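Q: This one is protein31.cif, mmCIF, N, CA and C atoms.
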```cif
data_query
#
loop_
_atom_site.label_atom_id
_atom_site.label_comp_id
_atom_site.auth_asym_id
_atom_site.auth_seq_id
_atom_site.Cartn_x
_atom_site.Cartn_y
_atom_site.Cartn_z
N MET N 2 0.83 -1.18 0.00
CA MET N 2 0.00 0.00 0.00
C MET N 2 0.88 1.24 0.00
N ALA N 3 0.78 2.02 -1.02
CA ALA N 3 1.66 3.17 -1.19
C ALA N 3 1.33 4.30 -0.21
N LEU N 4 0.06 4.49 0.09
CA LEU N 4 -0.31 5.60 0.95
C LEU N 4 0.26 5.48 2.36
N PRO N 5 0.10 4.33 3.04
CA PRO N 5 0.71 4.25 4.37
C PRO N 5 2.24 4.42 4.35
N ASP N 6 2.90 3.84 3.35
CA ASP N 6 4.35 4.00 3.25
C ASP N 6 4.71 5.47 3.04
N LYS N 7 3.96 6.15 2.19
CA LYS N 7 4.22 7.57 1.94
C LYS N 7 3.98 8.38 3.21
N LYS N 8 2.91 8.07 3.91
CA LYS N 8 2.60 8.78 5.15
C LYS N 8 3.70 8.56 6.18
N ASN N 9 4.14 7.31 6.34
CA ASN N 9 5.22 7.02 7.28
C ASN N 9 6.50 7.74 6.90
N ASN N 10 6.81 7.78 5.61
CA ASN N 10 8.02 8.48 5.16
C ASN N 10 7.93 9.97 5.44
N GLU N 11 6.74 10.54 5.26
CA GLU N 11 6.55 11.96 5.55
C GLU N 11 6.72 12.23 7.04
N ILE N 12 6.18 11.34 7.87
CA ILE N 12 6.31 11.50 9.32
C ILE N 12 7.78 11.37 9.73
N LEU N 13 8.47 10.38 9.18
CA LEU N 13 9.88 10.20 9.49
C LEU N 13 10.70 11.41 9.05
N ASP N 14 10.36 11.99 7.91
CA ASP N 14 11.04 13.19 7.44
C ASP N 14 10.80 14.36 8.40
N LEU N 15 9.56 14.50 8.85
CA LEU N 15 9.24 15.56 9.80
C LEU N 15 9.99 15.36 11.11
N ILE N 16 10.03 14.13 11.61
CA ILE N 16 10.76 13.83 12.84
C ILE N 16 12.24 14.19 12.69
N SER N 17 12.81 13.85 11.54
CA SER N 17 14.21 14.18 11.28
C SER N 17 14.44 15.69 11.30
N LYS N 18 13.56 16.44 10.66
CA LYS N 18 13.69 17.90 10.63
C LYS N 18 13.54 18.50 12.03
N LEU N 19 12.58 17.98 12.79
CA LEU N 19 12.40 18.48 14.15
C LEU N 19 13.58 18.13 15.04
N ASN N 20 14.17 16.95 14.85
CA ASN N 20 15.36 16.58 15.60
C ASN N 20 16.53 17.51 15.28
N HIS N 21 16.63 17.88 14.01
CA HIS N 21 17.67 18.83 13.61
C HIS N 21 17.45 20.18 14.29
N ASP N 22 16.22 20.64 14.30
CA ASP N 22 15.90 21.91 14.96
C ASP N 22 16.15 21.83 16.46
N ARG N 23 15.83 20.69 17.06
CA ARG N 23 16.06 20.49 18.49
C ARG N 23 17.56 20.55 18.79
N SER N 24 18.36 19.92 17.95
CA SER N 24 19.82 19.95 18.12
C SER N 24 20.35 21.37 18.00
N TRP N 25 19.83 22.13 17.05
CA TRP N 25 20.25 23.52 16.87
C TRP N 25 19.90 24.33 18.11
N LEU N 26 18.69 24.13 18.63
CA LEU N 26 18.27 24.84 19.83
C LEU N 26 19.19 24.52 21.00
N LEU N 27 19.52 23.26 21.17
CA LEU N 27 20.40 22.85 22.26
C LEU N 27 21.79 23.50 22.11
N GLN N 28 22.29 23.56 20.90
CA GLN N 28 23.59 24.21 20.66
C GLN N 28 23.53 25.68 21.04
N GLN N 29 22.45 26.35 20.68
CA GLN N 29 22.29 27.76 21.00
C GLN N 29 22.23 27.98 22.51
N ILE N 30 21.51 27.11 23.19
CA ILE N 30 21.41 27.20 24.65
C ILE N 30 22.80 26.99 25.27
N ASP N 31 23.52 25.98 24.79
CA ASP N 31 24.86 25.68 25.32
C ASP N 31 25.84 26.81 25.06
N GLN N 32 25.62 27.59 24.01
CA GLN N 32 26.51 28.71 23.69
C GLN N 32 26.14 29.98 24.46
N GLY N 33 25.11 29.87 25.31
CA GLY N 33 24.77 31.00 26.17
C GLY N 33 23.76 31.97 25.60
N ARG N 34 23.09 31.60 24.54
CA ARG N 34 22.09 32.50 23.96
C ARG N 34 20.82 32.46 24.80
N TRP N 35 20.11 33.54 24.77
CA TRP N 35 18.80 33.67 25.42
C TRP N 35 18.84 33.29 26.90
N THR N 36 19.81 33.85 27.62
CA THR N 36 20.00 33.49 29.03
C THR N 36 18.75 33.76 29.87
N GLU N 37 17.98 34.76 29.51
CA GLU N 37 16.80 35.12 30.31
C GLU N 37 15.69 34.06 30.22
N ILE N 38 15.70 33.24 29.18
CA ILE N 38 14.69 32.18 29.05
C ILE N 38 15.33 30.80 28.88
N ARG N 39 16.56 30.69 29.36
CA ARG N 39 17.32 29.44 29.20
C ARG N 39 16.60 28.23 29.78
N GLU N 40 16.06 28.36 30.99
CA GLU N 40 15.40 27.22 31.64
C GLU N 40 14.18 26.76 30.84
N GLU N 41 13.40 27.71 30.36
CA GLU N 41 12.20 27.36 29.60
C GLU N 41 12.57 26.70 28.27
N LEU N 42 13.61 27.21 27.61
CA LEU N 42 14.04 26.62 26.35
C LEU N 42 14.62 25.22 26.56
N ALA N 43 15.36 25.05 27.64
CA ALA N 43 15.93 23.72 27.94
C ALA N 43 14.80 22.72 28.21
N ALA N 44 13.76 23.15 28.92
CA ALA N 44 12.62 22.27 29.18
C ALA N 44 11.91 21.93 27.87
N LEU N 45 11.75 22.91 27.02
CA LEU N 45 11.12 22.68 25.71
C LEU N 45 11.94 21.70 24.89
N GLU N 46 13.25 21.85 24.89
CA GLU N 46 14.12 20.95 24.14
C GLU N 46 14.00 19.52 24.65
N ARG N 47 13.97 19.36 25.97
CA ARG N 47 13.82 18.01 26.56
C ARG N 47 12.48 17.39 26.18
N GLU N 48 11.41 18.16 26.30
CA GLU N 48 10.08 17.64 25.97
C GLU N 48 9.99 17.28 24.49
N LEU N 49 10.55 18.10 23.64
CA LEU N 49 10.54 17.81 22.21
C LEU N 49 11.31 16.54 21.92
N GLY N 50 12.46 16.37 22.55
CA GLY N 50 13.25 15.16 22.38
C GLY N 50 12.49 13.92 22.81
N GLN N 51 11.81 13.99 23.95
CA GLN N 51 11.02 12.86 24.44
C GLN N 51 9.86 12.55 23.49
N PHE N 52 9.21 13.59 23.01
CA PHE N 52 8.10 13.41 22.08
C PHE N 52 8.56 12.75 20.79
N LEU N 53 9.67 13.22 20.25
CA LEU N 53 10.18 12.67 18.99
C LEU N 53 10.62 11.21 19.16
N THR N 54 11.24 10.91 20.29
CA THR N 54 11.65 9.53 20.56
C THR N 54 10.43 8.62 20.67
N LYS N 55 9.44 9.07 21.42
CA LYS N 55 8.22 8.27 21.60
C LYS N 55 7.51 8.06 20.26
N THR N 56 7.42 9.10 19.46
CA THR N 56 6.76 9.00 18.16
C THR N 56 7.51 8.05 17.24
N SER N 57 8.82 8.15 17.21
CA SER N 57 9.63 7.24 16.39
C SER N 57 9.45 5.80 16.82
N ASP N 58 9.46 5.58 18.14
CA ASP N 58 9.28 4.22 18.66
C ASP N 58 7.92 3.66 18.28
N GLN N 59 6.88 4.48 18.37
CA GLN N 59 5.54 4.03 18.02
C GLN N 59 5.44 3.70 16.54
N LEU N 60 6.09 4.48 15.71
CA LEU N 60 6.09 4.20 14.28
C LEU N 60 6.78 2.87 13.98
N GLU N 61 7.90 2.65 14.63
CA GLU N 61 8.66 1.42 14.42
C GLU N 61 7.88 0.21 14.89
N ASP N 62 7.11 0.35 15.95
CA ASP N 62 6.32 -0.75 16.50
C ASP N 62 5.03 -0.99 15.72
N SER N 63 4.63 -0.01 14.92
CA SER N 63 3.39 -0.10 14.16
C SER N 63 3.49 -1.24 13.14
N SER N 64 2.41 -1.96 12.99
CA SER N 64 2.42 -3.05 12.00
C SER N 64 2.46 -2.52 10.58
N ASP N 65 2.10 -1.25 10.38
CA ASP N 65 2.12 -0.65 9.04
C ASP N 65 3.50 -0.12 8.67
N PHE N 66 4.40 0.00 9.66
CA PHE N 66 5.70 0.60 9.39
C PHE N 66 6.63 -0.40 8.76
N LYS N 67 7.26 0.05 7.67
CA LYS N 67 8.25 -0.80 6.98
C LYS N 67 9.49 0.03 6.75
N LYS N 68 10.61 -0.52 7.06
CA LYS N 68 11.88 0.22 6.84
C LYS N 68 12.31 0.07 5.41
#
```
Spell out the structure here as structure tokens.
A:
Amino acid sequence: MALPDKKNNEILDLISKLNHDRSWLLQQIDQGRWTEIREELAALERELGQFLTKTSDQLEDSSDFKK
């Protein structure tokens, strides 16, 4: 079925892009940017990382997911 595979590929692509953005955010925080909101950004980065990991794991466990 092409549609589920296409949908999964789109989701995986989005997860990859969000992971890249999360990494960039973490680098910026580590370099001392936005010190006034550092704690909030660090919490956001952690939550985003957990969400992306959970989503990836669920996709991999899905019976429709094919590598």
Q: Could you tell me how far atom N of Lys8 in chain N lies from atom C of Leu60 in chain N, in Å and to one decimal?
A: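 So the answer is 12.0 Å.
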Q: Expand the PyMOL selection byres (((chain N and resi 38-46 and name CA) around 10) and name CA) into the explicit residue set it covers here, and present it as a PyMOL selection string.
A: chain N and resi 20+22-27+29-31+33-37+47-52
Q: Interatomic distance between atom N of His21 in chain N and CA of Lys55 in chain N?
A: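 That distance, rounded to one decimal, is 14.9 Å.
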Q: Do you have the CA of Gln28 in chain N-CA of Asn9 in chain N distance handy?
A: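 It comes out at 28.5 Å.
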Q: List every residue of chain N that DSSP, applied to the backbone, labels as alpha helix (DSSP H), and write the result as a PyMOL selection string.
A: chain N and resi 3-31+39-62
Q: I want to know what sits within 12 Å of Ser57 in chain N, based on only C-alpha atoms, with residues of the same chain fewer than 6 positions away left out; could you give that as a PDB file with N, CA and C atoms, in the frame of the given file?
A:
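Once written, around06.pdb looks like this:
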```pdb
ATOM      1  N   ASN N   9       4.140   7.310   6.340  1.00  0.00           N
ATOM      2  CA  ASN N   9       5.220   7.020   7.280  1.00  0.00           C
ATOM      3  C   ASN N   9       6.500   7.740   6.900  1.00  0.00           C
ATOM      4  N   ASN N  10       6.810   7.780   5.610  1.00  0.00           N
ATOM      5  CA  ASN N  10       8.020   8.480   5.160  1.00  0.00           C
ATOM      6  C   ASN N  10       7.930   9.970   5.440  1.00  0.00           C
ATOM      7  N   ILE N  12       6.180  11.340   7.870  1.00  0.00           N
ATOM      8  CA  ILE N  12       6.310  11.500   9.320  1.00  0.00           C
ATOM      9  C   ILE N  12       7.780  11.370   9.730  1.00  0.00           C
ATOM     10  N   LEU N  13       8.470  10.380   9.180  1.00  0.00           N
ATOM     11  CA  LEU N  13       9.880  10.200   9.490  1.00  0.00           C
ATOM     12  C   LEU N  13      10.700  11.410   9.050  1.00  0.00           C
ATOM     13  N   ASP N  14      10.360  11.990   7.910  1.00  0.00           N
ATOM     14  CA  ASP N  14      11.040  13.190   7.440  1.00  0.00           C
ATOM     15  C   ASP N  14      10.800  14.360   8.400  1.00  0.00           C
ATOM     16  N   LEU N  15       9.560  14.500   8.850  1.00  0.00           N
ATOM     17  CA  LEU N  15       9.240  15.560   9.800  1.00  0.00           C
ATOM     18  C   LEU N  15       9.990  15.360  11.110  1.00  0.00           C
ATOM     19  N   ILE N  16      10.030  14.130  11.610  1.00  0.00           N
ATOM     20  CA  ILE N  16      10.760  13.830  12.840  1.00  0.00           C
ATOM     21  C   ILE N  16      12.240  14.190  12.690  1.00  0.00           C
ATOM     22  N   SER N  17      12.810  13.850  11.540  1.00  0.00           N
ATOM     23  CA  SER N  17      14.210  14.180  11.280  1.00  0.00           C
ATOM     24  C   SER N  17      14.440  15.690  11.300  1.00  0.00           C
ATOM     25  N   LEU N  19      12.580  17.980  12.790  1.00  0.00           N
ATOM     26  CA  LEU N  19      12.400  18.480  14.150  1.00  0.00           C
ATOM     27  C   LEU N  19      13.580  18.130  15.040  1.00  0.00           C
ATOM     28  N   ASN N  20      14.170  16.950  14.850  1.00  0.00           N
ATOM     29  CA  ASN N  20      15.360  16.580  15.600  1.00  0.00           C
ATOM     30  C   ASN N  20      16.530  17.510  15.280  1.00  0.00           C
ATOM     31  N   GLY N  50      12.460  16.370  22.550  1.00  0.00           N
ATOM     32  CA  GLY N  50      13.250  15.160  22.380  1.00  0.00           C
ATOM     33  C   GLY N  50      12.490  13.920  22.810  1.00  0.00           C
ATOM     34  N   GLN N  51      11.810  13.990  23.950  1.00  0.00           N
ATOM     35  CA  GLN N  51      11.020  12.860  24.440  1.00  0.00           C
ATOM     36  C   GLN N  51       9.860  12.550  23.490  1.00  0.00           C
ATOM     37  N   SER N  63       4.630  -0.010  14.920  1.00  0.00           N
ATOM     38  CA  SER N  63       3.390  -0.100  14.160  1.00  0.00           C
ATOM     39  C   SER N  63       3.490  -1.240  13.140  1.00  0.00           C
ATOM     40  N   PHE N  66       4.400   0.000   9.660  1.00  0.00           N
ATOM     41  CA  PHE N  66       5.700   0.600   9.390  1.00  0.00           C
ATOM     42  C   PHE N  66       6.630  -0.400   8.760  1.00  0.00           C
TER      43      PHE N  66
END
```
